[in-house]
file entry.pdb (PDB, C-alpha atoms and all ligand atoms)
ATOM      1  CA  MET V  11     213.445 -25.282 160.856
ATOM      2  CA  THR V  12     214.603 -27.400 157.928
ATOM      3  CA  VAL V  13     212.522 -30.085 156.304
ATOM      4  CA  PRO V  14     212.800 -33.077 158.715
ATOM      5  CA  ALA V  15     215.242 -35.618 157.279
ATOM      6  CA  ASP V  16     212.676 -38.440 157.483
ATOM      7  CA  SER V  17     209.857 -36.458 155.759
ATOM      8  CA  LYS V  18     208.327 -38.196 152.768
ATOM      9  CA  ILE V  19     208.044 -35.646 149.991
ATOM     10  CA  THR V  20     206.071 -36.197 146.789
ATOM     11  CA  PHE V  21     206.085 -34.107 143.640
ATOM     12  CA  ILE V  22     203.106 -34.347 141.313
ATOM     13  CA  GLY V  23     204.677 -33.372 137.997
ATOM     14  CA  THR V  24     208.252 -34.098 137.056
ATOM     15  CA  GLY V  25     209.139 -31.060 134.920
ATOM     16  CA  ASN V  26     211.322 -27.984 135.429
ATOM     17  CA  MET V  27     209.977 -26.867 138.798
ATOM     18  CA  ALA V  28     209.651 -30.321 140.370
ATOM     19  CA  THR V  29     213.165 -31.258 139.276
ATOM     20  CA  ALA V  30     214.662 -27.982 140.557
ATOM     21  CA  LEU V  31     212.967 -28.260 143.965
ATOM     22  CA  ALA V  32     213.841 -31.952 144.318
ATOM     23  CA  GLN V  33     217.468 -31.045 143.582
ATOM     24  CA  GLY V  34     217.242 -28.360 146.287
ATOM     25  CA  LEU V  35     215.991 -30.984 148.775
ATOM     26  CA  LEU V  36     218.810 -33.377 147.859
ATOM     27  CA  HIS V  37     221.239 -30.500 148.312
ATOM     28  CA  GLN V  38     219.756 -29.961 151.799
ATOM     29  CA  GLY V  39     220.548 -33.567 152.661
ATOM     30  CA  ILE V  40     217.108 -35.168 152.238
ATOM     31  CA  ALA V  41     217.671 -38.829 151.366
ATOM     32  CA  PRO V  42     216.722 -39.717 147.746
ATOM     33  CA  HIS V  43     214.464 -42.575 148.919
ATOM     34  CA  ASN V  44     212.286 -40.016 150.763
ATOM     35  CA  ILE V  45     211.573 -38.116 147.532
ATOM     36  CA  THR V  46     209.003 -39.371 144.998
ATOM     37  CA  LEU V  47     208.324 -37.848 141.581
ATOM     38  CA  ALA V  48     205.040 -38.700 139.846
ATOM     39  CA  SER V  49     203.738 -38.056 136.339
ATOM     40  CA  PRO V  50     202.051 -40.324 133.798
ATOM     41  CA  ARG V  51     205.085 -40.856 131.558
ATOM     42  CA  VAL V  52     207.898 -40.727 134.125
ATOM     43  CA  GLY V  53     210.333 -43.635 134.209
ATOM     44  CA  PRO V  54     213.817 -44.633 135.323
ATOM     45  CA  GLN V  55     215.250 -42.385 132.594
ATOM     46  CA  HIS V  56     214.357 -39.272 134.678
ATOM     47  CA  PRO V  57     217.687 -37.526 135.478
ATOM     48  CA  LEU V  58     217.098 -37.544 139.253
ATOM     49  CA  CYS V  59     216.339 -41.266 139.124
ATOM     50  CA  GLN V  60     219.521 -41.914 137.134
ATOM     51  CA  GLN V  61     221.819 -39.672 139.175
ATOM     52  CA  ASP V  62     220.388 -39.831 142.679
ATOM     53  CA  ASP V  63     218.049 -42.810 142.921
ATOM     54  CA  VAL V  64     215.004 -40.674 143.652
ATOM     55  CA  ARG V  65     211.769 -42.704 143.448
ATOM     56  CA  VAL V  66     209.513 -42.277 140.420
ATOM     57  CA  THR V  67     206.004 -43.534 139.694
ATOM     58  CA  PRO V  68     203.377 -42.954 137.010
ATOM     59  CA  ASP V  69     200.644 -43.251 139.684
ATOM     60  CA  ASN V  70     199.857 -39.945 141.440
ATOM     61  CA  THR V  71     197.687 -41.565 144.117
ATOM     62  CA  ILE V  72     200.316 -44.117 145.117
ATOM     63  CA  ALA V  73     202.878 -41.298 145.262
ATOM     64  CA  VAL V  74     200.747 -39.408 147.804
ATOM     65  CA  GLU V  75     199.811 -42.482 149.872
ATOM     66  CA  HIS V  76     202.753 -42.117 152.275
ATOM     67  CA  ALA V  77     203.608 -38.445 151.740
ATOM     68  CA  ASP V  78     204.013 -35.854 154.506
ATOM     69  CA  MET V  79     204.434 -33.073 151.940
ATOM     70  CA  VAL V  80     202.875 -32.959 148.456
ATOM     71  CA  ILE V  81     204.093 -30.426 145.899
ATOM     72  CA  LEU V  82     201.691 -29.802 143.039
ATOM     73  CA  ALA V  83     204.015 -29.004 140.119
ATOM     74  CA  VAL V  84     201.748 -29.510 137.116
ATOM     75  CA  LYS V  85     200.486 -26.854 134.704
ATOM     76  CA  PRO V  86     197.455 -24.960 136.056
ATOM     77  CA  GLN V  87     195.144 -26.372 133.355
ATOM     78  CA  ILE V  88     195.977 -29.968 134.439
ATOM     79  CA  LEU V  89     195.476 -29.244 138.134
ATOM     80  CA  PRO V  90     191.657 -29.703 138.352
ATOM     81  CA  THR V  91     191.991 -33.280 137.055
ATOM     82  CA  VAL V  92     195.001 -34.047 139.269
ATOM     83  CA  ALA V  93     193.340 -32.549 142.360
ATOM     84  CA  GLY V  94     190.152 -34.554 141.707
ATOM     85  CA  GLU V  95     192.229 -37.729 141.472
ATOM     86  CA  LEU V  96     194.055 -36.945 144.752
ATOM     87  CA  ARG V  97     191.164 -35.575 146.819
ATOM     88  CA  ASN V  98     190.369 -38.813 148.674
ATOM     89  CA  VAL V  99     193.949 -39.699 149.595
ATOM     90  CA  ILE V 100     194.684 -36.111 150.607
ATOM     91  CA  GLN V 101     191.566 -35.955 152.801
ATOM     92  CA  ARG V 102     192.560 -39.245 154.457
ATOM     93  CA  ARG V 103     196.226 -38.381 155.091
ATOM     94  CA  LYS V 104     196.058 -34.557 155.329
ATOM     95  CA  PRO V 105     199.625 -33.871 154.154
ATOM     96  CA  LEU V 106     201.025 -30.380 153.764
ATOM     97  CA  VAL V 107     200.231 -29.316 150.181
ATOM     98  CA  ILE V 108     202.297 -26.769 148.275
ATOM     99  CA  SER V 109     200.853 -25.542 144.986
ATOM    100  CA  LEU V 110     203.145 -23.958 142.420
ATOM    101  CA  ALA V 111     200.328 -23.446 139.926
ATOM    102  CA  ALA V 112     200.167 -19.849 138.764
ATOM    103  CA  GLY V 113     196.826 -18.161 139.333
ATOM    104  CA  ILE V 114     194.983 -20.958 141.189
ATOM    105  CA  ARG V 115     193.522 -19.408 144.348
ATOM    106  CA  LEU V 116     193.508 -21.093 147.770
ATOM    107  CA  SER V 117     189.699 -21.069 147.755
ATOM    108  CA  THR V 118     189.728 -23.033 144.474
ATOM    109  CA  LEU V 119     192.350 -25.472 145.791
ATOM    110  CA  THR V 120     190.202 -25.988 148.909
ATOM    111  CA  ASP V 121     187.136 -26.653 146.742
ATOM    112  CA  TRP V 122     189.094 -29.278 144.820
ATOM    113  CA  LEU V 123     190.993 -30.929 147.709
ATOM    114  CA  GLY V 124     188.425 -30.493 150.510
ATOM    115  CA  LYS V 125     188.586 -28.610 153.811
ATOM    116  CA  ASN V 126     191.150 -28.660 156.642
ATOM    117  CA  ILE V 127     194.204 -29.253 154.488
ATOM    118  CA  PRO V 128     197.298 -27.128 155.184
ATOM    119  CA  ILE V 129     197.986 -25.479 151.814
ATOM    120  CA  VAL V 130     200.721 -23.055 150.771
ATOM    121  CA  ARG V 131     200.700 -21.271 147.435
ATOM    122  CA  SER V 132     204.124 -20.553 146.031
ATOM    123  CA  MET V 133     205.123 -18.420 143.043
ATOM    124  CA  PRO V 134     208.741 -19.293 142.237
ATOM    125  CA  ASN V 135     210.620 -18.059 139.175
ATOM    126  CA  LEU V 136     212.762 -19.801 136.593
ATOM    127  CA  PRO V 137     216.182 -19.149 138.222
ATOM    128  CA  VAL V 138     215.218 -21.693 140.929
ATOM    129  CA  THR V 139     216.667 -24.156 138.393
ATOM    130  CA  LEU V 140     220.077 -22.620 139.253
ATOM    131  CA  ARG V 141     219.227 -22.216 142.964
ATOM    132  CA  ALA V 142     219.111 -18.449 142.322
ATOM    133  CA  GLY V 143     215.341 -17.986 142.316
ATOM    134  CA  VAL V 144     212.897 -16.017 144.401
ATOM    135  CA  SER V 145     209.568 -17.407 145.589
ATOM    136  CA  GLY V 146     206.533 -15.517 146.821
ATOM    137  CA  LEU V 147     204.566 -17.548 149.408
ATOM    138  CA  TYR V 148     201.165 -17.435 151.072
ATOM    139  CA  ALA V 149     199.738 -19.963 153.545
ATOM    140  CA  ASN V 150     196.164 -20.747 154.543
ATOM    141  CA  PRO V 151     195.310 -20.630 158.287
ATOM    142  CA  THR V 152     195.636 -24.438 158.630
ATOM    143  CA  VAL V 153     199.411 -24.147 158.066
ATOM    144  CA  THR V 154     201.137 -24.063 161.471
ATOM    145  CA  SER V 155     204.266 -21.991 162.032
ATOM    146  CA  ALA V 156     206.313 -25.232 162.113
ATOM    147  CA  LEU V 157     204.954 -26.267 158.692
ATOM    148  CA  GLN V 158     205.518 -22.734 157.394
ATOM    149  CA  ALA V 159     209.157 -22.982 158.476
ATOM    150  CA  GLN V 160     209.503 -26.276 156.573
ATOM    151  CA  VAL V 161     208.099 -24.721 153.398
ATOM    152  CA  ASP V 162     210.447 -21.782 153.828
ATOM    153  CA  SER V 163     213.353 -24.165 154.135
ATOM    154  CA  LEU V 164     212.295 -26.077 150.994
ATOM    155  CA  LEU V 165     212.008 -22.942 148.846
ATOM    156  CA  SER V 166     215.126 -21.391 150.417
ATOM    157  CA  SER V 167     217.092 -24.349 149.064
ATOM    158  CA  VAL V 168     216.543 -22.928 145.559
ATOM    159  CA  GLY V 169     216.768 -19.196 146.244
ATOM    160  CA  VAL V 170     215.200 -16.630 148.544
ATOM    161  CA  THR V 171     211.642 -16.479 149.891
ATOM    162  CA  LEU V 172     209.124 -13.725 150.493
ATOM    163  CA  TRP V 173     205.930 -14.412 152.477
ATOM    164  CA  VAL V 174     203.114 -12.041 151.518
ATOM    165  CA  GLU V 175     200.423 -10.935 153.957
ATOM    166  CA  ARG V 176     197.507 -11.099 151.517
ATOM    167  CA  GLU V 177     196.980 -13.739 148.840
ATOM    168  CA  GLU V 178     196.221 -11.048 146.215
ATOM    169  CA  MET V 179     199.846  -9.900 146.569
ATOM    170  CA  LEU V 180     200.906 -13.080 144.754
ATOM    171  CA  ASP V 181     199.572 -11.416 141.572
ATOM    172  CA  ALA V 182     202.076  -8.600 142.164
ATOM    173  CA  VAL V 183     204.847 -11.152 142.843
ATOM    174  CA  THR V 184     203.911 -12.882 139.570
ATOM    175  CA  ALA V 185     204.135  -9.574 137.676
ATOM    176  CA  ILE V 186     207.527  -8.655 139.197
ATOM    177  CA  SER V 187     209.642 -11.745 139.845
ATOM    178  CA  GLY V 188     207.591 -14.511 138.182
ATOM    179  CA  SER V 189     207.615 -12.732 134.807
ATOM    180  CA  GLY V 190     210.742 -10.705 135.623
ATOM    181  CA  PRO V 191     213.328 -13.001 133.999
ATOM    182  CA  GLY V 192     211.445 -12.478 130.719
ATOM    183  CA  TYR V 193     211.779  -8.692 131.052
ATOM    184  CA  ILE V 194     215.506  -9.005 131.737
ATOM    185  CA  PHE V 195     215.978 -11.275 128.701
ATOM    186  CA  LEU V 196     214.116  -8.694 126.579
ATOM    187  CA  MET V 197     216.447  -5.946 127.846
ATOM    188  CA  GLN V 198     219.457  -8.118 127.078
ATOM    189  CA  GLU V 199     218.109  -8.824 123.594
ATOM    190  CA  ALA V 200     217.672  -5.077 122.963
ATOM    191  CA  MET V 201     221.171  -4.316 124.269
ATOM    192  CA  GLU V 202     222.644  -7.046 122.056
ATOM    193  CA  GLN V 203     220.893  -5.590 119.004
ATOM    194  CA  ALA V 204     222.296  -2.151 119.878
ATOM    195  CA  ALA V 205     225.774  -3.676 120.259
ATOM    196  CA  LEU V 206     225.546  -5.264 116.789
ATOM    197  CA  HIS V 207     224.431  -1.913 115.402
ATOM    198  CA  LEU V 208     227.623  -0.393 116.820
ATOM    199  CA  GLY V 209     229.728  -2.998 115.010
ATOM    200  CA  LEU V 210     230.414  -5.567 117.758
ATOM    201  CA  ASP V 211     230.092  -9.223 116.748
ATOM    202  CA  ALA V 212     227.360 -11.442 118.225
ATOM    203  CA  THR V 213     229.702 -13.373 120.556
ATOM    204  CA  SER V 214     231.147 -10.180 122.002
ATOM    205  CA  ALA V 215     227.663  -8.653 122.360
ATOM    206  CA  ARG V 216     226.465 -11.724 124.331
ATOM    207  CA  LEU V 217     229.554 -11.722 126.573
ATOM    208  CA  LEU V 218     229.361  -8.000 127.340
ATOM    209  CA  THR V 219     225.625  -7.950 128.045
ATOM    210  CA  THR V 220     225.509 -11.161 130.112
ATOM    211  CA  GLN V 221     228.409 -10.131 132.316
ATOM    212  CA  THR V 222     226.979  -6.613 132.703
ATOM    213  CA  PHE V 223     223.606  -7.940 133.953
ATOM    214  CA  LEU V 224     225.347 -10.439 136.228
ATOM    215  CA  GLY V 225     227.801  -7.896 137.627
ATOM    216  CA  ALA V 226     225.160  -5.202 138.164
ATOM    217  CA  ALA V 227     222.819  -7.682 139.923
ATOM    218  CA  GLN V 228     225.681  -8.844 142.161
ATOM    219  CA  MET V 229     226.514  -5.223 143.001
ATOM    220  CA  ALA V 230     222.879  -4.477 143.869
ATOM    221  CA  ALA V 231     222.705  -7.611 146.043
ATOM    222  CA  ALA V 232     225.985  -6.834 147.832
ATOM    223  CA  SER V 233     225.309  -3.135 148.407
ATOM    224  CA  THR V 234     223.243  -1.334 151.033
ATOM    225  CA  LEU V 235     222.688   1.498 148.522
ATOM    226  CA  SER V 236     219.430   1.844 146.594
ATOM    227  CA  PRO V 237     219.408   1.298 142.806
ATOM    228  CA  ALA V 238     218.997   5.080 142.417
ATOM    229  CA  ASP V 239     222.174   5.680 144.480
ATOM    230  CA  LEU V 240     224.103   3.003 142.584
ATOM    231  CA  ARG V 241     223.012   4.607 139.310
ATOM    232  CA  ALA V 242     224.144   8.018 140.538
ATOM    233  CA  GLN V 243     227.549   6.480 141.311
ATOM    234  CA  VAL V 244     228.056   5.375 137.694
ATOM    235  CA  CYS V 245     226.761   8.650 136.187
ATOM    236  CA  SER V 246     229.488  11.280 136.029
ATOM    237  CA  PRO V 247     228.130  14.689 135.021
ATOM    238  CA  GLY V 248     228.438  15.098 131.269
ATOM    239  CA  GLY V 249     229.587  11.468 130.887
ATOM    240  CA  THR V 250     228.476   8.572 128.697
ATOM    241  CA  THR V 251     226.136   6.809 131.165
ATOM    242  CA  GLU V 252     224.334  10.072 131.874
ATOM    243  CA  ALA V 253     223.871  10.592 128.123
ATOM    244  CA  GLY V 254     222.368   7.105 127.749
ATOM    245  CA  ILE V 255     220.122   7.417 130.801
ATOM    246  CA  SER V 256     218.888  10.808 129.711
ATOM    247  CA  THR V 257     217.577   9.211 126.476
ATOM    248  CA  PHE V 258     215.864   6.438 128.510
ATOM    249  CA  GLU V 259     214.195   9.097 130.695
ATOM    250  CA  GLN V 260     213.134  11.264 127.723
ATOM    251  CA  ARG V 261     211.505   8.170 126.165
ATOM    252  CA  GLN V 262     209.582   7.535 129.431
ATOM    253  CA  ILE V 263     211.227   4.280 130.490
ATOM    254  CA  ARG V 264     209.534   4.390 133.907
ATOM    255  CA  THR V 265     206.084   4.679 132.335
ATOM    256  CA  ILE V 266     206.882   1.777 130.009
ATOM    257  CA  PHE V 267     207.898  -0.409 132.991
ATOM    258  CA  ARG V 268     204.887   0.616 135.087
ATOM    259  CA  ASP V 269     202.468  -0.128 132.220
ATOM    260  CA  ALA V 270     204.163  -3.421 131.267
ATOM    261  CA  ILE V 271     204.148  -4.698 134.843
ATOM    262  CA  HIS V 272     200.554  -3.590 135.287
ATOM    263  CA  SER V 273     199.617  -5.614 132.181
ATOM    264  CA  ALA V 274     201.281  -8.705 133.675
ATOM    265  CA  TYR V 275     199.498  -8.074 137.009
ATOM    266  CA  GLN V 276     196.081  -7.746 135.310
ATOM    267  CA  ARG V 277     196.737 -10.920 133.314
ATOM    268  CA  SER V 278     197.556 -12.810 136.511
ATOM    269  CA  ILE V 279     194.213 -11.683 137.985
ATOM    270  CA  GLU V 280     192.341 -12.619 134.791
ATOM    271  CA  LEU V 281     193.925 -16.085 134.677
ATOM    272  CA  ALA V 282     192.733 -16.769 138.227
ATOM    273  CA  GLN V 283     189.099 -16.098 137.277
TER
HETATM  274  N1  LIG K   1     208.472 -22.483 134.916
HETATM  275  C1  LIG K   1     208.322 -21.358 135.629
HETATM  276  O1  LIG K   1     209.060 -20.358 135.474
HETATM  277  C2  LIG K   1     207.267 -21.279 136.696
HETATM  278  C3  LIG K   1     207.264 -20.182 137.549
HETATM  279  C4  LIG K   1     206.311 -20.142 138.565
HETATM  280  C5  LIG K   1     205.381 -21.152 138.678
HETATM  281  N2  LIG K   1     205.394 -22.187 137.809
HETATM  282  C6  LIG K   1     204.352 -23.207 137.953
HETATM  283  O2  LIG K   1     204.955 -24.453 138.230
HETATM  284  C7  LIG K   1     204.125 -25.490 137.695
HETATM  285  C8  LIG K   1     205.016 -26.454 136.927
HETATM  286  O3  LIG K   1     205.675 -25.731 135.894
HETATM  287  P1  LIG K   1     206.910 -26.365 135.113
HETATM  288  O4  LIG K   1     207.588 -25.236 134.438
HETATM  289  O5  LIG K   1     207.652 -27.297 135.984
HETATM  290  O6  LIG K   1     206.092 -27.221 134.004
HETATM  291  P2  LIG K   1     206.605 -28.493 133.161
HETATM  292  O7  LIG K   1     208.092 -28.493 133.061
HETATM  293  O8  LIG K   1     205.788 -28.507 131.907
HETATM  294  O9  LIG K   1     206.171 -29.734 134.073
HETATM  295  C9  LIG K   1     204.841 -30.158 134.187
HETATM  296  C10 LIG K   1     204.890 -31.615 134.593
HETATM  297  O10 LIG K   1     203.563 -32.079 134.813
HETATM  298  C11 LIG K   1     203.515 -33.415 134.294
HETATM  299  N3  LIG K   1     202.125 -33.851 134.112
HETATM  300  C12 LIG K   1     201.293 -33.672 133.051
HETATM  301  N4  LIG K   1     200.092 -34.254 133.316
HETATM  302  C13 LIG K   1     200.183 -34.803 134.552
HETATM  303  C14 LIG K   1     199.304 -35.548 135.372
HETATM  304  N5  LIG K   1     198.041 -35.827 134.985
HETATM  305  N6  LIG K   1     199.732 -35.961 136.578
HETATM  306  C15 LIG K   1     201.005 -35.687 137.005
HETATM  307  N7  LIG K   1     201.883 -34.998 136.273
HETATM  308  C16 LIG K   1     201.485 -34.556 135.068
HETATM  309  C17 LIG K   1     204.292 -33.303 133.018
HETATM  310  O11 LIG K   1     204.621 -34.568 132.504
HETATM  311  P3  LIG K   1     204.845 -34.723 130.886
HETATM  312  O12 LIG K   1     206.005 -33.822 130.567
HETATM  313  O13 LIG K   1     205.137 -36.155 130.711
HETATM  314  O14 LIG K   1     203.572 -34.252 130.243
HETATM  315  C18 LIG K   1     205.507 -32.538 133.531
HETATM  316  O15 LIG K   1     206.399 -33.406 134.171
HETATM  317  C19 LIG K   1     203.058 -24.811 136.824
HETATM  318  O16 LIG K   1     201.828 -24.811 137.512
HETATM  319  C20 LIG K   1     203.542 -23.399 136.674
HETATM  320  O17 LIG K   1     202.461 -22.483 136.661
HETATM  321  C21 LIG K   1     206.325 -22.303 136.823
END
call {"tool": "encode", "arguments": {"input": "entry.pdb", "output": "structure tokens", "more": "lines below"}}
Ligand SMILES: NC(=O)c1ccc[n+]([C@@H]2O[C@H](COP(=O)([O-])OP(=O)(O)OC[C@H]3O[C@@H](n4cnc5c(N)ncnc54)[C@H](OP(=O)(O)O)[C@@H]3O)[C@@H](O)[C@H]2O)c1
result
Amino acid sequence: MTVPADSKITFIGTGNMATALAQGLLHQGIAPHNITLASPRVGPQHPLCQQDDVRVTPDNTIAVEHADMVILAVKPQILPTVAGELRNVIQRRKPLVISLAAGIRLSTLTDWLGKNIPIVRSMPNLPVTLRAGVSGLYANPTVTSALQAQVDSLLSSVGVTLWVEREEMLDAVTAISGSGPGYIFLMQEAMEQAALHLGLDATSARLLTTQTFLGAAQMAAASTLSPADLRAQVCSPGGTTEAGISTFEQRQIRTIFRDAIHSAYQRSIELAQ
């Protein structure tokens, strides 16, 4: 089920995530006048207001007054204040609430917003800004299957979705795909430095590494083979790739990844406390 065309959708926060998701909704055919963006300093200069005539307001409460769906897209440290401000209107109207805030548990959101509100937690990642993201999702029991389908449709407009069975799994999603773009950029940085060391210029190093990551990711997405099988395909015995991979394995690359991702996972748990 897609988001109903006449749904009134409000974003609290008008930054990267709100803008990307609002663009996804517009792409799905939701009319601009059904989308409202709210933040204290927002004005007609917001790109979606200029390009698409989306509504903007500096008043969070007014923005939620007629909303069927409210997306909380502010930084986690701002959320207690914003939730306190919205509690009354949310209790009165009982819209579907989607929180993007990293590390804020459903129990905490329920304490702030009050009981019997359908709430979904979502952990998207930065490539949603290019509609190439992935979002982990978890719903509280008040979310009906019809509402769940609407949330899925919203987040699918900016990438792919993965519903987890236990809320704690969102910490694992955070450590893998939430933080993942950062790991990939680090790998690209390291490969670029190695390319410079071999005498390539910076422009060539950027071109070669970017296209290699893009091409390899597209191959993995298009193939039914596992990454291990794809790797075996590019490793001829005694060849160059095998020589490179053998150094990665000797230097314990798998242990480095496991430890790094575990650190991110632990940090996600700590931030929620
Ligand atoms: N970026 C990511 O990769 C990513 C990934 C997963 C989850 N998230 C989550 O998504 C949420 C939004 O992140 P983001 O990257 O979009 O942040 P962002 O670009 O910094 O946007 C935050 C927005 O909140 C607005 N704001 C500040 N105080 C407010 C208030 N009292 N009421 C309403 N709006 C207010 C800000 O307005 P001003 O700019 O005028 O201050 C800004 O528009 C965060 O909770 C983050 O944890 C982000």
call {"tool": "residues_near_ligand", "arguments": {"input": "entry.pdb", "ligand": "ligand LIG 1 (chain K)", "cutoff": "8 Å", "atoms": "only C-alpha atoms and all ligand atoms", "output": "CSV table (one decimal) with C-alpha atoms, in the frame of the given file"}}
result
chain,number,residue,atom,x,y,z
V,22,ILE,CA,203.1,-34.3,141.3
V,23,GLY,CA,204.7,-33.4,138.0
V,24,THR,CA,208.3,-34.1,137.1
V,25,GLY,CA,209.1,-31.1,134.9
V,26,ASN,CA,211.3,-28.0,135.4
V,27,MET,CA,210.0,-26.9,138.8
V,28,ALA,CA,209.7,-30.3,140.4
V,29,THR,CA,213.2,-31.3,139.3
V,48,ALA,CA,205.0,-38.7,139.8
V,49,SER,CA,203.7,-38.1,136.3
V,50,PRO,CA,202.1,-40.3,133.8
V,51,ARG,CA,205.1,-40.9,131.6
V,52,VAL,CA,207.9,-40.7,134.1
V,68,PRO,CA,203.4,-43.0,137.0
V,69,ASP,CA,200.6,-43.3,139.7
V,70,ASN,CA,199.9,-39.9,141.4
V,82,LEU,CA,201.7,-29.8,143.0
V,83,ALA,CA,204.0,-29.0,140.1
V,84,VAL,CA,201.7,-29.5,137.1
V,85,LYS,CA,200.5,-26.9,134.7
V,86,PRO,CA,197.5,-25.0,136.1
V,88,ILE,CA,196.0,-30.0,134.4
V,89,LEU,CA,195.5,-29.2,138.1
V,91,THR,CA,192.0,-33.3,137.1
V,92,VAL,CA,195.0,-34.0,139.3
V,109,SER,CA,200.9,-25.5,145.0
V,110,LEU,CA,203.1,-24.0,142.4
V,111,ALA,CA,200.3,-23.4,139.9
V,112,ALA,CA,200.2,-19.8,138.8
V,113,GLY,CA,196.8,-18.2,139.3
V,132,SER,CA,204.1,-20.6,146.0
V,133,MET,CA,205.1,-18.4,143.0
V,134,PRO,CA,208.7,-19.3,142.2
V,135,ASN,CA,210.6,-18.1,139.2
V,136,LEU,CA,212.8,-19.8,136.6
V,137,PRO,CA,216.2,-19.1,138.2
V,184,THR,CA,203.9,-12.9,139.6
V,188,GLY,CA,207.6,-14.5,138.2
V,189,SER,CA,207.6,-12.7,134.8
call {"tool": "atom_distance", "arguments": {"input": "entry.pdb", "atom1": "CA of Gln203 in chain V", "atom2": "CA of Thr219 in chain V"}}
result
10.5 Å
call {"tool": "closest_residue", "arguments": {"input": "entry.pdb", "among": "V:Thr71, V:Gln101, V:Thr12, V:Ser117", "to": "Gln283 in chain V", "atoms": "only C-alpha atoms"}}
result
V:Ser117
call {"tool": "resolve_selection", "arguments": {"input": "entry.pdb", "expression": "the PyMOL selection byres (((chain V and resi 215) around 9) and not hetatm)", "output": "list in words"}}
result
Met201, Glu202, Gln203, Ala204, Ala205, Leu206, Leu210, Asp211, Ala212, Thr213, Ser214, Arg216, Leu217, Leu218, Thr219 and Thr220 of chain V
call {"tool": "axis_aligned_box", "arguments": {"input": "entry.pdb", "around": "range 120-126 of chain V", "padding_each_side": "6 Å", "output": "AutoDock Vina command-line options"}}
result
--center_x 189.1 --center_y -28.5 --center_z 150.7 --size_x 16.0 --size_y 16.9 --size_z 23.8
call {"tool": "resolve_selection", "arguments": {"input": "entry.pdb", "expression": "the PyMOL selection byres (((chain V and resi 275) around 9) and not hetatm)", "output": "number ranges by chain"}}
result
V: 181-186, 270-274, 276-280
call {"tool": "atom_distance", "arguments": {"input": "entry.pdb", "atom1": "CA of Ala242 in chain V", "atom2": "CA of Ile255 in chain V"}}
result
10.6 Å
